[in-house]
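Source file: run.pdb; contents: PDB, C-alpha atoms.
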ATOM      1  CA  MET Y   1      52.511 -13.779   8.460
ATOM      2  CA  PRO Y   2      49.509 -11.910   9.878
ATOM      3  CA  ASP Y   3      46.180 -12.673   8.318
ATOM      4  CA  ALA Y   4      45.540 -10.685   5.143
ATOM      5  CA  PRO Y   5      43.007  -7.912   5.793
ATOM      6  CA  GLY Y   6      39.470  -8.182   4.519
ATOM      7  CA  MET Y   7      36.659  -5.637   4.311
ATOM      8  CA  PRO Y   8      37.014  -3.404   7.401
ATOM      9  CA  PRO Y   9      33.920  -3.271   9.643
ATOM     10  CA  ILE Y  10      33.828   0.522   9.406
ATOM     11  CA  PHE Y  11      33.329   0.224   5.630
ATOM     12  CA  ILE Y  12      30.295  -2.025   6.095
ATOM     13  CA  ALA Y  13      28.945   0.097   8.948
ATOM     14  CA  SER Y  14      29.340   3.243   6.864
ATOM     15  CA  ALA Y  15      27.432   1.730   3.947
ATOM     16  CA  VAL Y  16      24.614   0.618   6.268
ATOM     17  CA  LEU Y  17      24.475   4.064   7.876
ATOM     18  CA  HIS Y  18      24.142   5.750   4.473
ATOM     19  CA  VAL Y  19      21.238   3.460   3.535
ATOM     20  CA  LEU Y  20      19.499   4.081   6.855
ATOM     21  CA  ALA Y  21      20.060   7.825   6.596
ATOM     22  CA  ILE Y  22      18.572   7.971   3.120
ATOM     23  CA  GLY Y  23      15.617   5.874   4.242
ATOM     24  CA  ALA Y  24      15.011   8.068   7.288
ATOM     25  CA  ALA Y  25      15.242  11.271   5.261
ATOM     26  CA  VAL Y  26      12.704   9.967   2.740
ATOM     27  CA  LEU Y  27      10.277   8.155   5.029
ATOM     28  CA  VAL Y  28      10.359  10.029   8.343
ATOM     29  CA  PRO Y  29       9.053  13.612   8.311
ATOM     30  CA  GLY Y  30      11.600  16.071   9.735
ATOM     31  CA  ALA Y  31      14.335  13.453  10.050
ATOM     32  CA  TRP Y  32      16.564  14.738   7.283
ATOM     33  CA  PRO Y  33      18.705  17.074   9.500
ATOM     34  CA  TRP Y  34      19.489  14.177  11.825
ATOM     35  CA  ALA Y  35      20.207  11.884   8.882
ATOM     36  CA  LEU Y  36      22.503  14.462   7.324
ATOM     37  CA  GLY Y  37      24.287  14.994  10.631
ATOM     38  CA  ALA Y  38      24.894  11.274  11.019
ATOM     39  CA  VAL Y  39      26.400  11.076   7.537
ATOM     40  CA  VAL Y  40      28.629  14.102   8.164
ATOM     41  CA  LEU Y  41      29.817  12.614  11.472
ATOM     42  CA  ASN Y  42      30.504   9.300   9.731
ATOM     43  CA  HIS Y  43      32.641  11.007   7.102
ATOM     44  CA  ALA Y  44      34.521  12.957   9.769
ATOM     45  CA  LEU Y  45      35.285   9.690  11.588
ATOM     46  CA  ILE Y  46      36.612   8.075   8.421
ATOM     47  CA  THR Y  47      38.688  11.153   7.587
ATOM     48  CA  GLY Y  48      40.238  11.020  11.034
ATOM     49  CA  ALA Y  49      41.021   7.333  10.578
ATOM     50  CA  VAL Y  50      42.664   8.030   7.209
ATOM     51  CA  LEU Y  51      45.018  10.478   8.928
ATOM     52  CA  MET Y  52      46.125   7.917  11.541
ATOM     53  CA  PRO Y  53      48.887   5.811   9.904
ATOM     54  CA  ARG Y  54      49.091   3.381  12.829
ATOM     55  CA  GLY Y  55      45.345   3.071  13.337
ATOM     56  CA  ARG Y  56      43.253  -0.047  12.771
ATOM     57  CA  LEU Y  57      39.804   1.492  12.400
ATOM     58  CA  ILE Y  58      39.805   1.197   8.600
ATOM     59  CA  GLY Y  59      41.512  -2.188   8.427
ATOM     60  CA  PRO Y  60      44.108  -4.468  10.038
ATOM     61  CA  ASN Y  61      47.473  -2.817  10.529
ATOM     62  CA  VAL Y  62      50.600  -4.424  11.968
ATOM     63  CA  THR Y  63      52.511  -2.109  14.308
ATOM     64  CA  ARG Y  64      54.576  -4.695  16.214
ATOM     65  CA  LEU Y  65      56.040  -8.132  15.644
ATOM     66  CA  PRO Y  66      54.110 -11.097  17.096
ATOM     67  CA  GLN Y  67      54.722 -12.701  20.464
ATOM     68  CA  ALA Y  68      56.974 -15.413  19.004
ATOM     69  CA  ALA Y  69      59.389 -12.732  17.775
ATOM     70  CA  ILE Y  70      59.211 -10.932  21.112
ATOM     71  CA  ASP Y  71      60.106 -14.175  22.852
ATOM     72  CA  ARG Y  72      63.123 -14.475  20.515
ATOM     73  CA  ARG Y  73      64.201 -10.881  21.391
ATOM     74  CA  GLU Y  74      63.716  -9.717  17.797
ATOM     75  CA  LEU Y  75      62.823  -6.343  16.335
ATOM     76  CA  ALA Y  76      62.503  -5.096  12.758
ATOM     77  CA  LEU Y  77      64.334  -2.244  11.079
ATOM     78  CA  THR Y  78      62.351  -1.023   8.093
ATOM     79  CA  ILE Y  79      63.847   1.372   5.561
ATOM     80  CA  ASP Y  80      61.594   3.157   3.089
ATOM     81  CA  ASP Y  81      61.571   4.933  -0.284
ATOM     82  CA  GLY Y  82      64.666   3.406  -1.918
ATOM     83  CA  PRO Y  83      66.679   2.017  -3.314
ATOM     84  CA  ASP Y  84      68.946   5.052  -3.625
ATOM     85  CA  PRO Y  85      72.253   4.459  -5.456
ATOM     86  CA  GLU Y  86      74.116   6.829  -3.140
ATOM     87  CA  VAL Y  87      72.601   5.992   0.230
ATOM     88  CA  THR Y  88      71.472   2.357   0.094
ATOM     89  CA  PRO Y  89      74.936   0.772  -0.448
ATOM     90  CA  GLN Y  90      76.212   2.593   2.643
ATOM     91  CA  VAL Y  91      73.178   1.449   4.625
ATOM     92  CA  LEU Y  92      73.892  -2.130   3.572
ATOM     93  CA  ASP Y  93      77.508  -1.846   4.725
ATOM     94  CA  LEU Y  94      76.449  -0.512   8.131
ATOM     95  CA  LEU Y  95      73.938  -3.334   8.554
ATOM     96  CA  ASP Y  96      76.506  -5.949   7.526
ATOM     97  CA  ALA Y  97      79.062  -4.566   9.984
ATOM     98  CA  ALA Y  98      76.535  -4.981  12.804
ATOM     99  CA  GLY Y  99      75.239  -8.383  11.661
ATOM    100  CA  ALA Y 100      71.756  -6.880  11.363
ATOM    101  CA  ARG Y 101      69.007  -7.571   8.853
ATOM    102  CA  ALA Y 102      66.444  -5.071   7.611
ATOM    103  CA  THR Y 103      63.333  -4.822   5.474
ATOM    104  CA  PHE Y 104      63.412  -2.342   2.605
ATOM    105  CA  PHE Y 105      59.992  -1.036   1.586
ATOM    106  CA  CYS Y 106      60.969  -0.131  -1.955
ATOM    107  CA  ILE Y 107      59.296   2.017  -4.586
ATOM    108  CA  ALA Y 108      58.995  -0.302  -7.575
ATOM    109  CA  GLU Y 109      60.025   2.260 -10.207
ATOM    110  CA  ARG Y 110      63.265   2.804  -8.269
ATOM    111  CA  VAL Y 111      63.880  -0.935  -8.159
ATOM    112  CA  ALA Y 112      63.365  -1.059 -11.925
ATOM    113  CA  ALA Y 113      65.846   1.816 -12.325
ATOM    114  CA  HIS Y 114      68.451   0.133 -10.081
ATOM    115  CA  PRO Y 115      67.907  -3.625 -10.448
ATOM    116  CA  ALA Y 116      71.451  -4.637  -9.504
ATOM    117  CA  LEU Y 117      71.180  -2.705  -6.237
ATOM    118  CA  ALA Y 118      67.824  -4.313  -5.454
ATOM    119  CA  ARG Y 119      69.271  -7.758  -6.053
ATOM    120  CA  GLU Y 120      72.212  -6.881  -3.788
ATOM    121  CA  ILE Y 121      69.767  -6.066  -0.991
ATOM    122  CA  ILE Y 122      68.353  -9.581  -1.304
ATOM    123  CA  ALA Y 123      71.793 -11.201  -1.698
ATOM    124  CA  ARG Y 124      72.937  -9.646   1.573
ATOM    125  CA  GLY Y 125      70.093 -11.318   3.445
ATOM    126  CA  HIS Y 126      67.591  -8.487   3.646
ATOM    127  CA  SER Y 127      63.979  -8.324   2.465
ATOM    128  CA  ILE Y 128      62.294  -6.128  -0.150
ATOM    129  CA  GLN Y 129      58.604  -5.359   0.335
ATOM    130  CA  ASN Y 130      55.960  -3.314  -1.502
ATOM    131  CA  HIS Y 131      55.862   0.483  -1.095
ATOM    132  CA  THR Y 132      53.797   1.107  -4.266
ATOM    133  CA  ALA Y 133      54.903   1.566  -7.859
ATOM    134  CA  ILE Y 134      55.531   5.318  -7.903
ATOM    135  CA  HIS Y 135      54.827   6.571  -4.335
ATOM    136  CA  ARG Y 136      51.807   8.672  -5.303
ATOM    137  CA  HIS Y 137      51.115  11.679  -3.069
ATOM    138  CA  ASP Y 138      47.377  11.198  -3.629
ATOM    139  CA  PHE Y 139      47.494   7.547  -2.573
ATOM    140  CA  SER Y 140      44.969   7.982   0.243
ATOM    141  CA  LEU Y 141      42.428   9.360  -2.275
ATOM    142  CA  LEU Y 142      42.444   6.344  -4.599
ATOM    143  CA  GLY Y 143      39.585   3.889  -4.994
ATOM    144  CA  PRO Y 144      39.667   0.093  -5.402
ATOM    145  CA  ARG Y 145      40.692   0.232  -9.049
ATOM    146  CA  GLY Y 146      43.487   2.721  -8.391
ATOM    147  CA  TYR Y 147      44.801   0.698  -5.449
ATOM    148  CA  THR Y 148      44.726  -2.520  -7.460
ATOM    149  CA  ALA Y 149      46.627  -0.935 -10.333
ATOM    150  CA  GLU Y 150      49.265   0.800  -8.201
ATOM    151  CA  ILE Y 151      49.969  -2.035  -5.788
ATOM    152  CA  GLY Y 152      49.524  -4.876  -8.278
ATOM    153  CA  LEU Y 153      51.949  -3.239 -10.715
ATOM    154  CA  ALA Y 154      54.491  -2.867  -7.909
ATOM    155  CA  GLN Y 155      54.090  -6.553  -7.008
ATOM    156  CA  ASP Y 156      54.877  -7.582 -10.577
ATOM    157  CA  MET Y 157      57.804  -5.166 -10.938
ATOM    158  CA  LEU Y 158      59.427  -6.177  -7.658
ATOM    159  CA  ALA Y 159      59.004  -9.896  -8.333
ATOM    160  CA  ALA Y 160      60.454  -9.532 -11.827
ATOM    161  CA  VAL Y 161      63.662  -7.953 -10.476
ATOM    162  CA  THR Y 162      64.178  -9.819  -7.196
ATOM    163  CA  GLY Y 163      62.526 -13.163  -7.921
ATOM    164  CA  GLN Y 164      60.547 -12.766  -4.672
ATOM    165  CA  ARG Y 165      56.930 -11.640  -4.414
ATOM    166  CA  PRO Y 166      56.327  -9.296  -1.464
ATOM    167  CA  THR Y 167      54.008 -10.305   1.358
ATOM    168  CA  CYS Y 168      53.970  -6.931   3.160
ATOM    169  CA  PHE Y 169      52.789  -3.506   2.078
ATOM    170  CA  ARG Y 170      53.288  -0.005   3.448
ATOM    171  CA  ALA Y 171      51.339   2.995   2.193
ATOM    172  CA  PRO Y 172      53.126   6.257   1.363
ATOM    173  CA  ALA Y 173      53.383   8.170   4.663
ATOM    174  CA  GLY Y 174      51.046   5.492   6.049
ATOM    175  CA  PHE Y 175      47.920   7.223   4.724
ATOM    176  CA  ARG Y 176      45.157   5.117   3.155
ATOM    177  CA  ASN Y 177      41.378   4.744   3.109
ATOM    178  CA  PRO Y 178      38.870   1.896   3.693
ATOM    179  CA  PHE Y 179      39.158   0.713   0.072
ATOM    180  CA  LEU Y 180      42.728  -0.499   0.672
ATOM    181  CA  ALA Y 181      42.079  -3.493   2.949
ATOM    182  CA  PRO Y 182      40.049  -5.574   0.435
ATOM    183  CA  VAL Y 183      42.646  -4.904  -2.273
ATOM    184  CA  LEU Y 184      45.469  -6.086  -0.029
ATOM    185  CA  ARG Y 185      43.488  -9.218   0.777
ATOM    186  CA  ARG Y 186      43.097 -10.051  -2.902
ATOM    187  CA  LEU Y 187      46.813  -9.491  -3.509
ATOM    188  CA  GLY Y 188      47.876 -11.559  -0.485
ATOM    189  CA  LEU Y 189      49.500  -8.618   1.305
ATOM    190  CA  SER Y 190      49.486  -7.502   4.943
ATOM    191  CA  LEU Y 191      49.609  -3.827   5.851
ATOM    192  CA  VAL Y 192      52.611  -3.057   8.060
ATOM    193  CA  SER Y 193      53.210   0.343   9.613
ATOM    194  CA  TRP Y 194      55.568   0.874  12.571
ATOM    195  CA  THR Y 195      55.979   1.117  16.318
ATOM    196  CA  ARG Y 196      58.053   4.312  16.068
ATOM    197  CA  ARG Y 197      59.490   6.424  13.285
ATOM    198  CA  GLY Y 198      62.332   8.921  13.301
ATOM    199  CA  PHE Y 199      60.806  11.486  10.911
ATOM    200  CA  ASP Y 200      64.156  11.416   9.148
ATOM    201  CA  THR Y 201      62.799  12.774   5.867
ATOM    202  CA  ARG Y 202      62.458  16.210   7.487
ATOM    203  CA  GLU Y 203      64.483  16.129  10.723
ATOM    204  CA  ARG Y 204      68.111  17.106  10.065
ATOM    205  CA  ASP Y 205      69.384  16.430  13.587
ATOM    206  CA  PRO Y 206      70.479  12.772  13.912
ATOM    207  CA  ALA Y 207      70.326  12.956  17.710
ATOM    208  CA  LYS Y 208      66.615  13.786  17.642
ATOM    209  CA  VAL Y 209      65.894  10.977  15.160
ATOM    210  CA  LEU Y 210      67.850   8.508  17.283
ATOM    211  CA  ALA Y 211      66.042   9.594  20.453
ATOM    212  CA  ARG Y 212      62.647   8.962  18.860
ATOM    213  CA  LEU Y 213      63.600   5.500  17.626
ATOM    214  CA  ALA Y 214      65.447   4.349  20.746
ATOM    215  CA  HIS Y 215      62.829   5.558  23.259
ATOM    216  CA  ARG Y 216      61.694   2.481  25.210
ATOM    217  CA  LEU Y 217      63.401   0.218  22.692
ATOM    218  CA  ALA Y 218      61.992  -3.278  23.085
ATOM    219  CA  ALA Y 219      61.586  -6.664  21.454
ATOM    220  CA  GLY Y 220      58.805  -6.622  18.875
ATOM    221  CA  ASP Y 221      59.399  -3.039  17.792
ATOM    222  CA  ILE Y 222      59.108  -2.095  14.125
ATOM    223  CA  LEU Y 223      61.292   0.962  13.489
ATOM    224  CA  LEU Y 224      61.089   3.234  10.434
ATOM    225  CA  LEU Y 225      63.970   5.006   8.670
ATOM    226  CA  HIS Y 226      64.497   6.148   5.061
ATOM    227  CA  ASP Y 227      67.237   5.566   2.504
ATOM    228  CA  GLY Y 228      65.182   7.414  -0.122
ATOM    229  CA  HIS Y 229      64.015  11.005   0.446
ATOM    230  CA  ALA Y 230      66.459  11.130   3.371
ATOM    231  CA  ALA Y 231      66.987  14.472   5.085
ATOM    232  CA  ARG Y 232      70.553  15.749   5.222
ATOM    233  CA  THR Y 233      72.570  16.924   8.201
ATOM    234  CA  ALA Y 234      74.145  20.378   8.243
ATOM    235  CA  ALA Y 235      77.260  18.712   6.801
ATOM    236  CA  GLY Y 236      75.254  17.213   3.930
ATOM    237  CA  THR Y 237      75.231  13.593   5.153
ATOM    238  CA  PRO Y 238      71.993  11.592   4.823
ATOM    239  CA  VAL Y 239      70.560  11.417   8.340
ATOM    240  CA  VAL Y 240      70.032   7.646   8.171
ATOM    241  CA  LEU Y 241      73.790   7.120   7.874
ATOM    242  CA  GLU Y 242      74.409   9.080  11.089
ATOM    243  CA  VAL Y 243      71.571   7.382  12.974
ATOM    244  CA  LEU Y 244      72.156   3.731  12.091
ATOM    245  CA  PRO Y 245      75.506   3.135  13.883
ATOM    246  CA  PRO Y 246      74.364   4.343  17.339
ATOM    247  CA  LEU Y 247      70.926   2.765  16.860
ATOM    248  CA  LEU Y 248      72.463  -0.600  16.014
ATOM    249  CA  GLN Y 249      74.707  -0.264  19.059
ATOM    250  CA  LYS Y 250      71.700   0.373  21.300
ATOM    251  CA  ILE Y 251      69.989  -2.679  19.805
ATOM    252  CA  ARG Y 252      73.010  -4.817  20.678
ATOM    253  CA  GLN Y 253      73.245  -3.344  24.178
ATOM    254  CA  ALA Y 254      69.604  -4.234  24.762
ATOM    255  CA  ARG Y 255      70.370  -7.814  23.666
ATOM    256  CA  LEU Y 256      67.970  -7.526  20.758
ATOM    257  CA  ARG Y 257      68.358  -8.850  17.220
ATOM    258  CA  ALA Y 258      67.328  -6.979  14.079
ATOM    259  CA  VAL Y 259      65.569  -9.337  11.637
ATOM    260  CA  THR Y 260      63.540  -8.993   8.448
ATOM    261  CA  LEU Y 261      59.768  -8.837   8.667
ATOM    262  CA  PRO Y 262      59.329 -12.332   7.139
ATOM    263  CA  GLU Y 263      61.710 -13.676   9.792
ATOM    264  CA  GLY Y 264      59.905 -11.797  12.534
ATOM    265  CA  PHE Y 265      56.510 -13.093  11.426
ATOM    266  CA  ALA Y 266      57.704 -16.706  11.355
ATOM    267  CA  ALA Y 267      56.227 -18.948  14.024
TER     268      ALA Y 267
END
What would you get if you wrote out this structure as C-alpha cells?
Amino acid sequence: MPDAPGMPPIFIASAVLHVLAIGAAVLVPGAWPWALGAVVLNHALITGAVLMPRGRLIGPNVTRLPQAAIDRRELALTIDDGPDPEVTPQVLDLLDAAGARATFFCIAERVAAHPALAREIIARGHSIQNHTAIHRHDFSLLGPRGYTAEIGLAQDMLAAVTGQRPTCFRAPAGFRNPFLAPVLRRLGLSLVSWTRRGFDTRERDPAKVLARLAHRLAAGDILLLHDGHAARTAAGTPVVLEVLPPLLQKIRQARLRAVTLPEGFAA
C-alpha cells in the first residue's frame, strides 16, 4: 500500500503565511494591503486545489498503480456509490464472465442496507473500500472532526458487514480539503482517485463513456465507473452494464489484467 498521507505541506505553508501576514499588517506601516492580498491569493490557491480531484497539492493522492503492478500488466477497475441491488449483481456477473476483479468504493449506509450483497462482492474475489458513510454533498467543506466522524463511521460499518477493514478511501466526486490528509493518516487509509473516469453518472451514451476509459489504456491505470447513481441509456439500461463488456474485451486485447487495489498495491 502507498504510505498513508500526513499533514500536507500546503496546510503548514498556509498557516505560516497567515501568521506572517498578520504580523506584517500589525508591525509594518502600510503593509496591510499586501498582507491581505497574500492571504486572498493563498485561499484562491487552496480553493483551486480542492476542485482538482486528481491533484496532490493538498495531500498525497494515488492516481495510478505502482511500478510493480505495471510490470505485471495490471490495472484496476473501481466502481463507486453502491452497492445497488439492481445493478451490482449484474456487474458481478459481467466481471466473473471475464475473469476480472474490481474494487467497489461503497457507501457504508448502502452496505448496511444490503449486507448480503456486500458479502457477495467479497466472496466473488473483489474488494470493498471506503467511500464515506452517507456520501455527503458538502464533504469538501468538512473540518477534521467532521471527516473523522464520517470516514471513521464508514470504516466501522464496512468492517462489521464484510469482516475486512478498508485500506483505501475515495472522496465523493473526489473533492476534499487540506484537513482530510491528517485524518486519513490517523485512520490508516490512503486516498485513491483515478487515472480516467467515464462520467457515467451523467453521460447516457455508453460509447462516449467507453471512449474516455479506453483512451490510451495501459498497465497501471485506475479506471472509474459507477454501479450506484448510474446514468441510464435511452433504453433505460444502467450505462455501466453497457460499458463493461466492451471495456473488459479491450483490457483482454491489450493483454492486461484487472485486479483489486490491494492486489495492485502488493509488492
Residues matched by the PyMOL selection byres ((chain Y and resi 118-121) around 12), written as a PyMOL selection string: chain Y and resi 79+82-85+88-93+95-96+101-117+122-129+157-164+260
Expected selection from the PyMOL selection byres ((chain Y and resi 194-200) around 6), given as a list of chain:residue names: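 For this structure, the PyMOL selection byres ((chain Y and resi 194-200) around 6) resolves to Y:Thr63, Y:Arg64, Y:Ser193, Y:Thr201, Y:Arg202, Y:Glu203, Y:Val209, Y:Arg212, Y:Leu213, Y:Asp221, Y:Ile222, Y:Leu223, Y:Leu224, Y:Ala231.
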Show me, as a PDB file with C-alpha atoms, keeping the file's coordinate frame, the residues that have an atom within 12 Å of Phe265 in chain Y when counting all atoms listed in the file, minus same-chain residues fewer than 3 positions from it.
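Generated output (result-v3.pdb):
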ATOM      1  CA  MET Y   1      52.511 -13.779   8.460  1.00  0.00           C
ATOM      2  CA  PRO Y   2      49.509 -11.910   9.878  1.00  0.00           C
ATOM      3  CA  ASP Y   3      46.180 -12.673   8.318  1.00  0.00           C
ATOM      4  CA  VAL Y  62      50.600  -4.424  11.968  1.00  0.00           C
ATOM      5  CA  ARG Y  64      54.576  -4.695  16.214  1.00  0.00           C
ATOM      6  CA  LEU Y  65      56.040  -8.132  15.644  1.00  0.00           C
ATOM      7  CA  PRO Y  66      54.110 -11.097  17.096  1.00  0.00           C
ATOM      8  CA  GLN Y  67      54.722 -12.701  20.464  1.00  0.00           C
ATOM      9  CA  ALA Y  68      56.974 -15.413  19.004  1.00  0.00           C
ATOM     10  CA  ALA Y  69      59.389 -12.732  17.775  1.00  0.00           C
ATOM     11  CA  ILE Y  70      59.211 -10.932  21.112  1.00  0.00           C
ATOM     12  CA  ARG Y  72      63.123 -14.475  20.515  1.00  0.00           C
ATOM     13  CA  GLU Y  74      63.716  -9.717  17.797  1.00  0.00           C
ATOM     14  CA  LEU Y  75      62.823  -6.343  16.335  1.00  0.00           C
ATOM     15  CA  ALA Y  76      62.503  -5.096  12.758  1.00  0.00           C
ATOM     16  CA  THR Y 167      54.008 -10.305   1.358  1.00  0.00           C
ATOM     17  CA  CYS Y 168      53.970  -6.931   3.160  1.00  0.00           C
ATOM     18  CA  SER Y 190      49.486  -7.502   4.943  1.00  0.00           C
ATOM     19  CA  VAL Y 192      52.611  -3.057   8.060  1.00  0.00           C
ATOM     20  CA  GLY Y 220      58.805  -6.622  18.875  1.00  0.00           C
ATOM     21  CA  ILE Y 222      59.108  -2.095  14.125  1.00  0.00           C
ATOM     22  CA  VAL Y 259      65.569  -9.337  11.637  1.00  0.00           C
ATOM     23  CA  THR Y 260      63.540  -8.993   8.448  1.00  0.00           C
ATOM     24  CA  LEU Y 261      59.768  -8.837   8.667  1.00  0.00           C
ATOM     25  CA  PRO Y 262      59.329 -12.332   7.139  1.00  0.00           C
TER      26      PRO Y 262
END
Using CA of Ala207 in chain Y and CA of Thr237 in chain Y as the two end points, give the distance in Å to one decimal.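 A separation of 13.5 Å between them.
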Would you pick out the contacts of range 130-143 of chain Y at 7 Å or less, using all atoms listed in the file, so that residues sharing its chain but fewer than 4 positions from it are not included, and give the list as a VMD selection string? chain Y and resid 105 to 109 147 150 to 151 153 to 155 166 168 to 172 175 to 177 179
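Going from CA of Ala181 in chain Y over to CA of Gly152 in chain Y, you cover 13.5 Å.
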One decimal, Å: what's the distance from CA of Leu210 in chain Y over to CA of Leu247 in chain Y, could you say?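 That distance, rounded to one decimal, is 6.5 Å.
Of the listed residues (Y:Gly264, Y:Pro182, Y:Gly55, Y:Pro206), Y:Pro206 comes nearest to Pro238 in chain Y; the distances count only C-alpha atoms.
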Got a minute to add N, CA and C atoms to range 114-134 of chain Y and dump it as a PDB file, in the frame of the given file?
ATOM      1  N   HIS Y 114      67.197   0.605 -10.690  1.00  0.00           N
ATOM      2  CA  HIS Y 114      68.451   0.133 -10.081  1.00  0.00           C
ATOM      3  C   HIS Y 114      68.340  -1.351  -9.730  1.00  0.00           C
ATOM      4  N   PRO Y 115      68.161  -2.210 -10.731  1.00  0.00           N
ATOM      5  CA  PRO Y 115      67.907  -3.625 -10.448  1.00  0.00           C
ATOM      6  C   PRO Y 115      69.077  -4.326  -9.761  1.00  0.00           C
ATOM      7  N   ALA Y 116      70.303  -3.980 -10.124  1.00  0.00           N
ATOM      8  CA  ALA Y 116      71.451  -4.637  -9.504  1.00  0.00           C
ATOM      9  C   ALA Y 116      71.512  -4.323  -8.013  1.00  0.00           C
ATOM     10  N   LEU Y 117      71.176  -3.091  -7.646  1.00  0.00           N
ATOM     11  CA  LEU Y 117      71.180  -2.705  -6.237  1.00  0.00           C
ATOM     12  C   LEU Y 117      70.075  -3.439  -5.478  1.00  0.00           C
ATOM     13  N   ALA Y 118      68.914  -3.573  -6.097  1.00  0.00           N
ATOM     14  CA  ALA Y 118      67.824  -4.313  -5.454  1.00  0.00           C
ATOM     15  C   ALA Y 118      68.223  -5.770  -5.228  1.00  0.00           C
ATOM     16  N   ARG Y 119      68.849  -6.361  -6.215  1.00  0.00           N
ATOM     17  CA  ARG Y 119      69.271  -7.758  -6.053  1.00  0.00           C
ATOM     18  C   ARG Y 119      70.372  -7.887  -4.995  1.00  0.00           C
ATOM     19  N   GLU Y 120      71.187  -6.847  -4.836  1.00  0.00           N
ATOM     20  CA  GLU Y 120      72.212  -6.881  -3.788  1.00  0.00           C
ATOM     21  C   GLU Y 120      71.570  -6.851  -2.403  1.00  0.00           C
ATOM     22  N   ILE Y 121      70.492  -6.090  -2.267  1.00  0.00           N
ATOM     23  CA  ILE Y 121      69.767  -6.066  -0.991  1.00  0.00           C
ATOM     24  C   ILE Y 121      69.348  -7.482  -0.603  1.00  0.00           C
ATOM     25  N   ILE Y 122      68.790  -8.202  -1.557  1.00  0.00           N
ATOM     26  CA  ILE Y 122      68.353  -9.581  -1.304  1.00  0.00           C
ATOM     27  C   ILE Y 122      69.556 -10.487  -1.034  1.00  0.00           C
ATOM     28  N   ALA Y 123      70.616 -10.337  -1.835  1.00  0.00           N
ATOM     29  CA  ALA Y 123      71.793 -11.201  -1.698  1.00  0.00           C
ATOM     30  C   ALA Y 123      72.454 -11.047  -0.332  1.00  0.00           C
ATOM     31  N   ARG Y 124      72.322  -9.885   0.263  1.00  0.00           N
ATOM     32  CA  ARG Y 124      72.937  -9.646   1.573  1.00  0.00           C
ATOM     33  C   ARG Y 124      72.037 -10.098   2.722  1.00  0.00           C
ATOM     34  N   GLY Y 125      70.927 -10.727   2.415  1.00  0.00           N
ATOM     35  CA  GLY Y 125      70.093 -11.318   3.445  1.00  0.00           C
ATOM     36  C   GLY Y 125      68.957 -10.461   3.944  1.00  0.00           C
ATOM     37  N   HIS Y 126      68.674  -9.366   3.243  1.00  0.00           N
ATOM     38  CA  HIS Y 126      67.591  -8.487   3.646  1.00  0.00           C
ATOM     39  C   HIS Y 126      66.325  -8.806   2.842  1.00  0.00           C
ATOM     40  N   SER Y 127      65.259  -8.078   3.127  1.00  0.00           N
ATOM     41  CA  SER Y 127      63.979  -8.324   2.465  1.00  0.00           C
ATOM     42  C   SER Y 127      63.521  -7.058   1.754  1.00  0.00           C
ATOM     43  N   ILE Y 128      62.912  -7.240   0.570  1.00  0.00           N
ATOM     44  CA  ILE Y 128      62.294  -6.128  -0.150  1.00  0.00           C
ATOM     45  C   ILE Y 128      60.785  -6.332  -0.142  1.00  0.00           C
ATOM     46  N   GLN Y 129      60.054  -5.297   0.280  1.00  0.00           N
ATOM     47  CA  GLN Y 129      58.604  -5.359   0.335  1.00  0.00           C
ATOM     48  C   GLN Y 129      58.001  -4.188  -0.443  1.00  0.00           C
ATOM     49  N   ASN Y 130      56.683  -4.198  -0.580  1.00  0.00           N
ATOM     50  CA  ASN Y 130      55.960  -3.314  -1.502  1.00  0.00           C
ATOM     51  C   ASN Y 130      55.642  -1.952  -0.870  1.00  0.00           C
ATOM     52  N   HIS Y 131      56.152  -0.886  -1.518  1.00  0.00           N
ATOM     53  CA  HIS Y 131      55.862   0.483  -1.095  1.00  0.00           C
ATOM     54  C   HIS Y 131      55.280   1.274  -2.268  1.00  0.00           C
ATOM     55  N   THR Y 132      54.483   0.587  -3.076  1.00  0.00           N
ATOM     56  CA  THR Y 132      53.797   1.107  -4.266  1.00  0.00           C
ATOM     57  C   THR Y 132      54.740   1.219  -5.462  1.00  0.00           C
ATOM     58  N   ALA Y 133      54.130   1.475  -6.617  1.00  0.00           N
ATOM     59  CA  ALA Y 133      54.903   1.566  -7.859  1.00  0.00           C
ATOM     60  C   ALA Y 133      55.630   2.893  -7.981  1.00  0.00           C
ATOM     61  N   ILE Y 134      54.914   4.004  -7.680  1.00  0.00           N
ATOM     62  CA  ILE Y 134      55.531   5.318  -7.903  1.00  0.00           C
ATOM     63  C   ILE Y 134      55.428   6.242  -6.698  1.00  0.00           C
TER      64      ILE Y 134
END
